[in-house]
Amino acid sequence: MKRPIPLTLTICLLILIVSLLVAETLTVKVQSTSLRNSPKFYAPAVQALSAGEKLEKISDQSGWIQVKTAGGVVGWVHSSAVQVPKFDLMATNKGLKTQASADEVALAGKGFNKQVEESYKAKHKDVSFVWVDKMLQIKIAAARVEEFLKKGKLGEFGGGQ
Amino acid sequence: MSKHQRMAIIPAGLMAVLLLASCAAVQSGTDVLAGTGQISESDRQAILKTSEAVSATFSQITEEQEYYIGRSVAALILAQYPAYDNAALNDYINTMGQAIVYSSDRPEIYAGYHFLVLDTEEVNALSAPGGFIFISKGLIRRCKNEEMLASILAHEVGHVCSKHGLQAIKKSRLVDAFRVIGTEAARRYGSEELAQLTTAFEGALGDVFETLVVRGYDRKYEYEADELAVKFDTAVGYSPQGLTDFLQTMIGDSTTASGKGWFKTHPSAEQRMEKAKSRIAALSSVPAEASVRTKRFEQSIAKLD
């Protein structure tokens, strides 16, 4: 007589299959970053990436992930720039739901967003954002950081690890 | 459906309604009790913690929300201390800051890290969530070389990496915010939801600002940031002794007695130095100071007025 597969085992297997499939897709969680041709910040950029973009993981190496874009371009992103879906097999149903809703919030730009800031500004006209915006405009290109490291005998050009 | 079955549905339905309403009731009930002084804020937090089915923690704050919290906290800091409008010095601080960021635990954040010098002689360094990092002229003046300055920036980057600022936000603000987020499907909110979110936002900013500027972080976070400063400094190639050298200059500093800024919000320099020294001693090898860096540091701060 054929014995039925226990329900819990079936669920566990399903979760495992789903997690293996999903784990390979990463989402860009920072406003913008670059896809680089080697795993370091001042490596030449291959393509610009923006929040919400999906990437397919190929491999990883000390904090960096080699990925492929939807357009088929291959390069490296730092792991802190992407959301890695976490599906913990030991997690309860509630845990899985929390993860899904956090991703959903991130994608939808919900919560404390530009609209809330505008509402806050309208209530607090004395709080100036002029210098906050000026601060955001100070952008140091990766090539300049490389130059700074080189001249200061830092990083790979000196005693850095 | 039999009469018997119908009879059973009524209490079940009532129970469901009660369950749904209970979280909101506990929330508003604790607000009332806290308002009348019948329970303390910590009691209120504890009650909310156990009553909420949804877990609300700082780790659920998305990168974008952290950025928006940080922008407003930065604006509040800049209302307290004016910015030092010196493009060359700010450029130097930002370049050094990025070099440290690249070797940190969390190099990429929503809108990147940005550094700004504050036009005050008070010795202080502050970091708002979302990577808005401030360092006072008074503190820069007390640095003798690039290693010392790097250790201060690395300490602040450490606070951002570990989201210490976000951890200052009271759970009740997150519970309030997440409730609105959970019920609204749209990115743009209606006036009622927006008012609720703005109130939670104001509360969150107040929590972070008070911790950064008035009360100071929990000591364990300061020691953790020092630990990260040693780690990031070493990873970039700076001598981590920049941190202990800086702390040494702070011991016996006459402004310590003023109890302002850094001195009010940080554990004593002696205590921090002891811990930092033992951490450095545990490293197998540390990079040495380089005169080329001290030279460019001296040139960069020469025009400090």
# chains A, B, ... in the order shown; residues from 1 in each chain; ligands from 1
>>> residues_around(residues="Leu243 (chain B)", least_positions_apart="2", cutoff="6 Å", atoms="only C-alpha atoms", output="list in words")
Met148, Ser151, Pro240, Gln241, Asp245 and Phe246 of chain B
>>> residues_around(residues="region 231-237 of chain B", least_positions_apart="4", cutoff="10 Å", atoms="only C-alpha atoms", output="MDAnalysis selection string")
(chainID A and resid 149 152:161) or (chainID B and resid 99:105 147:148 150:155 157:158 225:227 241:243 279:280 283 285:290)
>>> residues_around(residues="Tyr110 (chain B)", least_positions_apart="2", cutoff="10 Å", atoms="only C-alpha atoms", output="list of chain:residue names")
A:Val28, A:Lys29, A:Val30, A:Gln31, A:Ser32, A:Thr33, A:Ala51, A:Ser80, A:Ala81, B:Thr62, B:Glu63, B:Glu64, B:Gln65, B:Glu66, B:Tyr67, B:Tyr68, B:Glu108, B:Gly112, B:Tyr113, B:Gly130, B:Gly131
>>> residues_around(residues="region 250-253 of chain B", least_positions_apart="5", cutoff="12 Å", atoms="only C-alpha atoms", output="PyMOL selection string")
chain B and resi 123-124+138-139+141-143+148+243-245+258-259+262-263+266-273
>>> write_last_selection(atoms="C-alpha atoms", output="compact mmCIF listing (two decimals), in the first residue's frame")
# COMPACT_ATOMS: atom_id res chain seq x y z
CA VAL B 123 34.34 69.45 21.05
CA ASN B 124 31.74 67.26 19.39
CA GLY B 138 36.77 72.38 18.14
CA LEU B 139 37.30 68.65 17.79
CA ARG B 141 41.59 71.49 16.33
CA ARG B 142 42.44 68.89 18.97
CA CYS B 143 43.58 66.35 16.36
CA MET B 148 43.31 60.92 15.07
CA LEU B 243 41.91 56.70 18.72
CA THR B 244 43.94 56.24 21.90
CA ASP B 245 46.11 59.26 21.01
CA SER B 258 32.39 72.41 30.92
CA GLY B 259 30.46 69.16 30.51
CA TRP B 262 31.20 65.22 23.56
CA PHE B 263 31.99 65.26 27.30
CA HIS B 266 30.30 60.09 25.99
CA PRO B 267 31.85 57.86 28.68
CA SER B 268 35.06 59.28 30.15
CA ALA B 269 38.16 59.33 27.95
CA GLU B 270 40.01 57.23 30.56
CA GLN B 271 37.43 54.45 30.45
CA ARG B 272 37.30 54.45 26.66
CA MET B 273 41.08 54.48 26.36
>>> interface_residues(of="chain B", to="chain A", cutoff="8 Å", atoms="only C-alpha atoms", output="PyMOL selection string")
chain B and resi 60+62-65+68-69+71-72+74-76+78-79+83+91+94-96+98-99+102+106-111+114-116+177-178+180-181+186-189+194-195+197-198+201-202+234-238+287-288+290+292-293
>>> atom_distance(atom1="CA of His159 (chain B)", atom2="CA of Leu26 (chain A)")
26.1 Å
>>> residues_around(residues="Lys54 (chain A)", least_positions_apart="4", cutoff="12 Å", atoms="only C-alpha atoms", output="ChimeraX atom specification")
/A:22-29,49-50,67-72,81-85,107
>>> write_last_selection(atoms="N, CA and C atoms", output="mmCIF file, in the first residue's frame")
data_model
loop_
_atom_site.group_PDB
_atom_site.id
_atom_site.type_symbol
_atom_site.label_atom_id
_atom_site.label_comp_id
_atom_site.auth_asym_id
_atom_site.auth_seq_id
_atom_site.Cartn_x
_atom_site.Cartn_y
_atom_site.Cartn_z
ATOM 1 N N VAL A 22 14.014 31.552 -4.870
ATOM 2 C CA VAL A 22 13.935 32.981 -4.568
ATOM 3 C C VAL A 22 15.285 33.557 -4.152
ATOM 4 N N ALA A 23 16.086 32.770 -3.432
ATOM 5 C CA ALA A 23 17.353 33.254 -2.866
ATOM 6 C C ALA A 23 18.291 33.827 -3.911
ATOM 7 N N GLU A 24 18.118 33.446 -5.149
ATOM 8 C CA GLU A 24 19.034 33.922 -6.178
ATOM 9 C C GLU A 24 18.682 35.307 -6.713
ATOM 10 N N THR A 25 17.499 35.802 -6.372
ATOM 11 C CA THR A 25 17.096 37.119 -6.870
ATOM 12 C C THR A 25 17.294 38.176 -5.796
ATOM 13 N N LEU A 26 18.103 39.189 -6.090
ATOM 14 C CA LEU A 26 18.401 40.262 -5.144
ATOM 15 C C LEU A 26 17.738 41.540 -5.631
ATOM 16 N N THR A 27 17.418 42.424 -4.688
ATOM 17 C CA THR A 27 16.805 43.702 -5.054
ATOM 18 C C THR A 27 17.702 44.837 -4.570
ATOM 19 N N VAL A 28 17.956 45.814 -5.433
ATOM 20 C CA VAL A 28 18.770 46.980 -5.040
ATOM 21 C C VAL A 28 17.975 47.777 -4.006
ATOM 22 N N LYS A 29 18.581 48.034 -2.818
ATOM 23 C CA LYS A 29 17.841 48.749 -1.770
ATOM 24 C C LYS A 29 18.357 50.161 -1.523
ATOM 25 N N LEU A 49 22.834 51.410 -11.299
ATOM 26 C CA LEU A 49 21.706 50.634 -10.776
ATOM 27 C C LEU A 49 20.886 51.539 -9.869
ATOM 28 N N SER A 50 19.579 51.321 -9.840
ATOM 29 C CA SER A 50 18.762 52.122 -8.925
ATOM 30 C C SER A 50 17.824 51.260 -8.098
ATOM 31 N N VAL A 67 26.688 39.572 -9.947
ATOM 32 C CA VAL A 67 25.281 39.473 -10.362
ATOM 33 C C VAL A 67 25.104 39.667 -11.866
ATOM 34 N N LYS A 68 23.883 39.342 -12.295
ATOM 35 C CA LYS A 68 23.520 39.573 -13.698
ATOM 36 C C LYS A 68 22.247 40.406 -13.695
ATOM 37 N N THR A 69 22.227 41.481 -14.476
ATOM 38 C CA THR A 69 21.028 42.328 -14.532
ATOM 39 C C THR A 69 19.977 41.671 -15.434
ATOM 40 N N ALA A 70 18.772 42.264 -15.423
ATOM 41 C CA ALA A 70 17.695 41.749 -16.276
ATOM 42 C C ALA A 70 18.121 41.812 -17.741
ATOM 43 N N GLY A 71 18.971 42.787 -18.057
ATOM 44 C CA GLY A 71 19.449 42.950 -19.438
ATOM 45 C C GLY A 71 20.621 42.045 -19.782
ATOM 46 N N GLY A 72 21.020 41.204 -18.809
ATOM 47 C CA GLY A 72 22.084 40.244 -19.057
ATOM 48 C C GLY A 72 23.494 40.750 -18.795
ATOM 49 N N ALA A 81 24.357 46.866 -0.593
ATOM 50 C CA ALA A 81 23.501 47.629 -1.505
ATOM 51 C C ALA A 81 22.250 46.859 -1.923
ATOM 52 N N VAL A 82 22.209 45.574 -1.600
ATOM 53 C CA VAL A 82 21.072 44.758 -2.052
ATOM 54 C C VAL A 82 20.348 44.053 -0.903
ATOM 55 N N GLN A 83 19.093 43.808 -1.147
ATOM 56 C CA GLN A 83 18.260 43.069 -0.197
ATOM 57 C C GLN A 83 18.329 41.604 -0.600
ATOM 58 N N VAL A 84 18.801 40.797 0.330
ATOM 59 C CA VAL A 84 18.857 39.362 0.056
ATOM 60 C C VAL A 84 17.636 38.742 0.710
ATOM 61 N N PRO A 85 16.773 38.093 -0.046
ATOM 62 C CA PRO A 85 15.576 37.520 0.589
ATOM 63 C C PRO A 85 15.972 36.446 1.598
ATOM 64 N N LEU A 107 9.753 48.399 -1.217
ATOM 65 C CA LEU A 107 9.477 48.588 -2.629
ATOM 66 C C LEU A 107 8.474 49.706 -2.863
#
>>> closest_residue(among="B:Ala168, B:Leu304, B:Leu174, B:Leu228", to="Leu118 (chain B)", atoms="only C-alpha atoms")
B:Leu304
>>> select_by_dssp(residues="region 31-241 of chain B", states="strand (DSSP E or B)", output="number ranges by chain")
B: 83, 114-118, 125-128, 132-136
>>> atom_distance(atom1="CA of Ser34 (chain A)", atom2="CA of Gln47 (chain A)")
5.8 Å
>>> closest_residue(among="B:Gln80, B:Ser162, B:Thr120, B:Ser136", to="Ser59 (chain B)", atoms="only C-alpha atoms")
B:Ser162
>>> select_by_dssp(residues="region 66-295 of chain B", states="alpha helix (DSSP H)", output="VMD selection string")
chain B and resid 66 to 80 87 to 102 137 to 141 146 to 161 171 to 183 191 to 209 219 to 236 241 to 250 261 to 265 269 to 281 291 to 295
>>> write_last_selection(atoms="C-alpha atoms", output="compact mmCIF listing (two decimals), in the first residue's frame")
# COMPACT_ATOMS: atom_id res chain seq x y z
CA GLU B 66 16.25 55.64 7.77
CA TYR B 67 17.33 58.24 5.21
CA TYR B 68 14.24 60.39 5.83
CA ILE B 69 14.64 60.15 9.62
CA GLY B 70 18.32 61.07 9.19
CA ARG B 71 17.59 64.11 7.00
CA SER B 72 15.35 65.66 9.63
CA VAL B 73 17.64 64.74 12.55
CA ALA B 74 20.50 66.38 10.57
CA ALA B 75 18.34 69.50 10.09
CA LEU B 76 17.72 69.62 13.86
CA ILE B 77 21.46 69.25 14.58
CA LEU B 78 22.14 72.09 12.12
CA ALA B 79 19.59 74.23 13.95
CA GLN B 80 21.72 73.75 17.06
CA ALA B 87 34.55 73.79 0.81
CA ALA B 88 38.19 72.63 0.89
CA LEU B 89 37.99 71.33 4.48
CA ASN B 90 34.61 69.66 3.90
CA ASP B 91 36.02 68.05 0.77
CA TYR B 92 38.99 66.66 2.72
CA ILE B 93 36.71 65.33 5.49
CA ASN B 94 34.38 63.73 2.94
CA THR B 95 37.18 62.07 0.98
CA MET B 96 38.69 60.63 4.17
CA GLY B 97 35.21 59.67 5.31
CA GLN B 98 34.51 57.74 2.10
CA ALA B 99 37.85 55.91 2.39
CA ILE B 100 36.74 54.73 5.84
CA VAL B 101 33.22 53.91 4.61
CA TYR B 102 34.65 51.63 1.89
CA LYS B 137 35.90 72.67 14.45
CA GLY B 138 36.77 72.38 18.14
CA LEU B 139 37.30 68.65 17.79
CA ILE B 140 39.36 68.96 14.57
CA ARG B 141 41.59 71.49 16.33
CA GLU B 146 45.16 62.26 10.09
CA GLU B 147 45.04 59.09 12.21
CA MET B 148 43.31 60.92 15.07
CA LEU B 149 40.76 62.52 12.78
CA ALA B 150 40.19 59.20 10.98
CA SER B 151 39.48 57.47 14.30
CA ILE B 152 36.74 60.01 15.11
CA LEU B 153 35.15 59.65 11.67
CA ALA B 154 35.42 55.84 11.92
CA HIS B 155 33.72 55.95 15.35
CA GLU B 156 30.81 57.92 13.84
CA VAL B 157 30.61 55.66 10.75
CA GLY B 158 30.42 52.79 13.26
CA HIS B 159 27.34 54.31 14.90
CA VAL B 160 25.64 54.53 11.49
CA CYS B 161 26.69 51.00 10.46
CA LYS B 171 8.94 51.24 20.21
CA SER B 172 5.61 53.05 20.50
CA ARG B 173 6.52 55.34 17.55
CA LEU B 174 7.25 52.32 15.37
CA VAL B 175 4.07 50.57 16.47
CA ASP B 176 2.09 53.70 15.51
CA ALA B 177 3.90 54.09 12.18
CA PHE B 178 3.72 50.42 11.21
CA ARG B 179 0.00 50.37 11.92
CA VAL B 180 -0.56 53.10 9.33
CA ILE B 181 1.89 51.49 6.91
CA GLY B 182 0.09 48.18 7.29
CA THR B 183 -3.35 49.56 6.56
CA SER B 191 -4.77 63.42 5.51
CA GLU B 192 -5.64 61.31 8.56
CA GLU B 193 -2.94 58.72 7.94
CA LEU B 194 -0.44 61.45 7.08
CA ALA B 195 -1.17 63.24 10.35
CA GLN B 196 -0.66 59.99 12.30
CA LEU B 197 2.59 59.23 10.47
CA THR B 198 3.85 62.80 10.96
CA THR B 199 3.21 62.54 14.71
CA ALA B 200 5.13 59.24 14.87
CA PHE B 201 7.88 60.85 12.75
CA GLU B 202 8.17 63.87 15.06
CA GLY B 203 8.37 61.51 18.04
CA ALA B 204 11.07 59.41 16.38
CA LEU B 205 13.14 62.52 15.54
CA GLY B 206 12.83 63.73 19.12
CA ASP B 207 14.01 60.36 20.46
CA VAL B 208 17.08 60.31 18.20
CA PHE B 209 17.95 63.99 18.66
CA ARG B 219 27.67 53.32 27.04
CA LYS B 220 27.72 49.93 25.33
CA TYR B 221 27.08 51.65 21.97
CA GLU B 222 29.97 54.06 22.54
CA TYR B 223 32.33 51.19 23.31
CA GLU B 224 31.01 49.31 20.29
CA ALA B 225 31.66 52.37 18.07
CA ASP B 226 35.23 52.57 19.46
CA GLU B 227 35.66 48.89 18.69
CA LEU B 228 34.45 49.50 15.13
CA ALA B 229 36.74 52.54 14.83
CA VAL B 230 39.74 50.30 15.60
CA LYS B 231 38.45 47.74 13.09
CA PHE B 232 37.76 50.20 10.25
CA ASP B 233 40.97 52.22 10.86
CA THR B 234 43.05 49.07 10.62
CA ALA B 235 41.18 47.92 7.51
CA VAL B 236 41.86 51.24 5.72
CA GLN B 241 46.38 54.33 17.88
CA GLY B 242 44.82 57.46 16.41
CA LEU B 243 41.91 56.70 18.72
CA THR B 244 43.94 56.24 21.90
CA ASP B 245 46.11 59.26 21.01
CA PHE B 246 42.97 61.36 20.63
CA LEU B 247 41.50 60.10 23.89
CA GLN B 248 44.81 60.87 25.59
CA THR B 249 44.56 64.53 24.51
CA MET B 250 41.06 64.63 25.98
CA GLY B 261 28.96 68.25 23.78
CA TRP B 262 31.20 65.22 23.56
CA PHE B 263 31.99 65.26 27.30
CA LYS B 264 28.36 65.20 28.28
CA THR B 265 27.30 62.45 25.89
CA ALA B 269 38.16 59.33 27.95
CA GLU B 270 40.01 57.23 30.56
CA GLN B 271 37.43 54.45 30.45
CA ARG B 272 37.30 54.45 26.66
CA MET B 273 41.08 54.48 26.36
CA GLU B 274 41.49 51.47 28.60
CA LYS B 275 39.12 49.40 26.45
CA ALA B 276 40.54 50.65 23.14
CA LYS B 277 44.12 49.89 24.26
CA SER B 278 43.29 46.30 25.11
CA ARG B 279 41.50 45.89 21.77
CA ILE B 280 44.51 47.20 19.86
CA ALA B 281 46.88 45.01 21.90
CA SER B 291 54.35 61.38 7.61
CA VAL B 292 52.76 61.90 4.17
CA ARG B 293 49.34 61.79 5.82
CA THR B 294 50.27 64.07 8.70
CA LYS B 295 51.54 66.58 6.14
>>> atom_distance(atom1="CA of Ile17 (chain A)", atom2="CA of Asp60 (chain A)")
21.0 Å
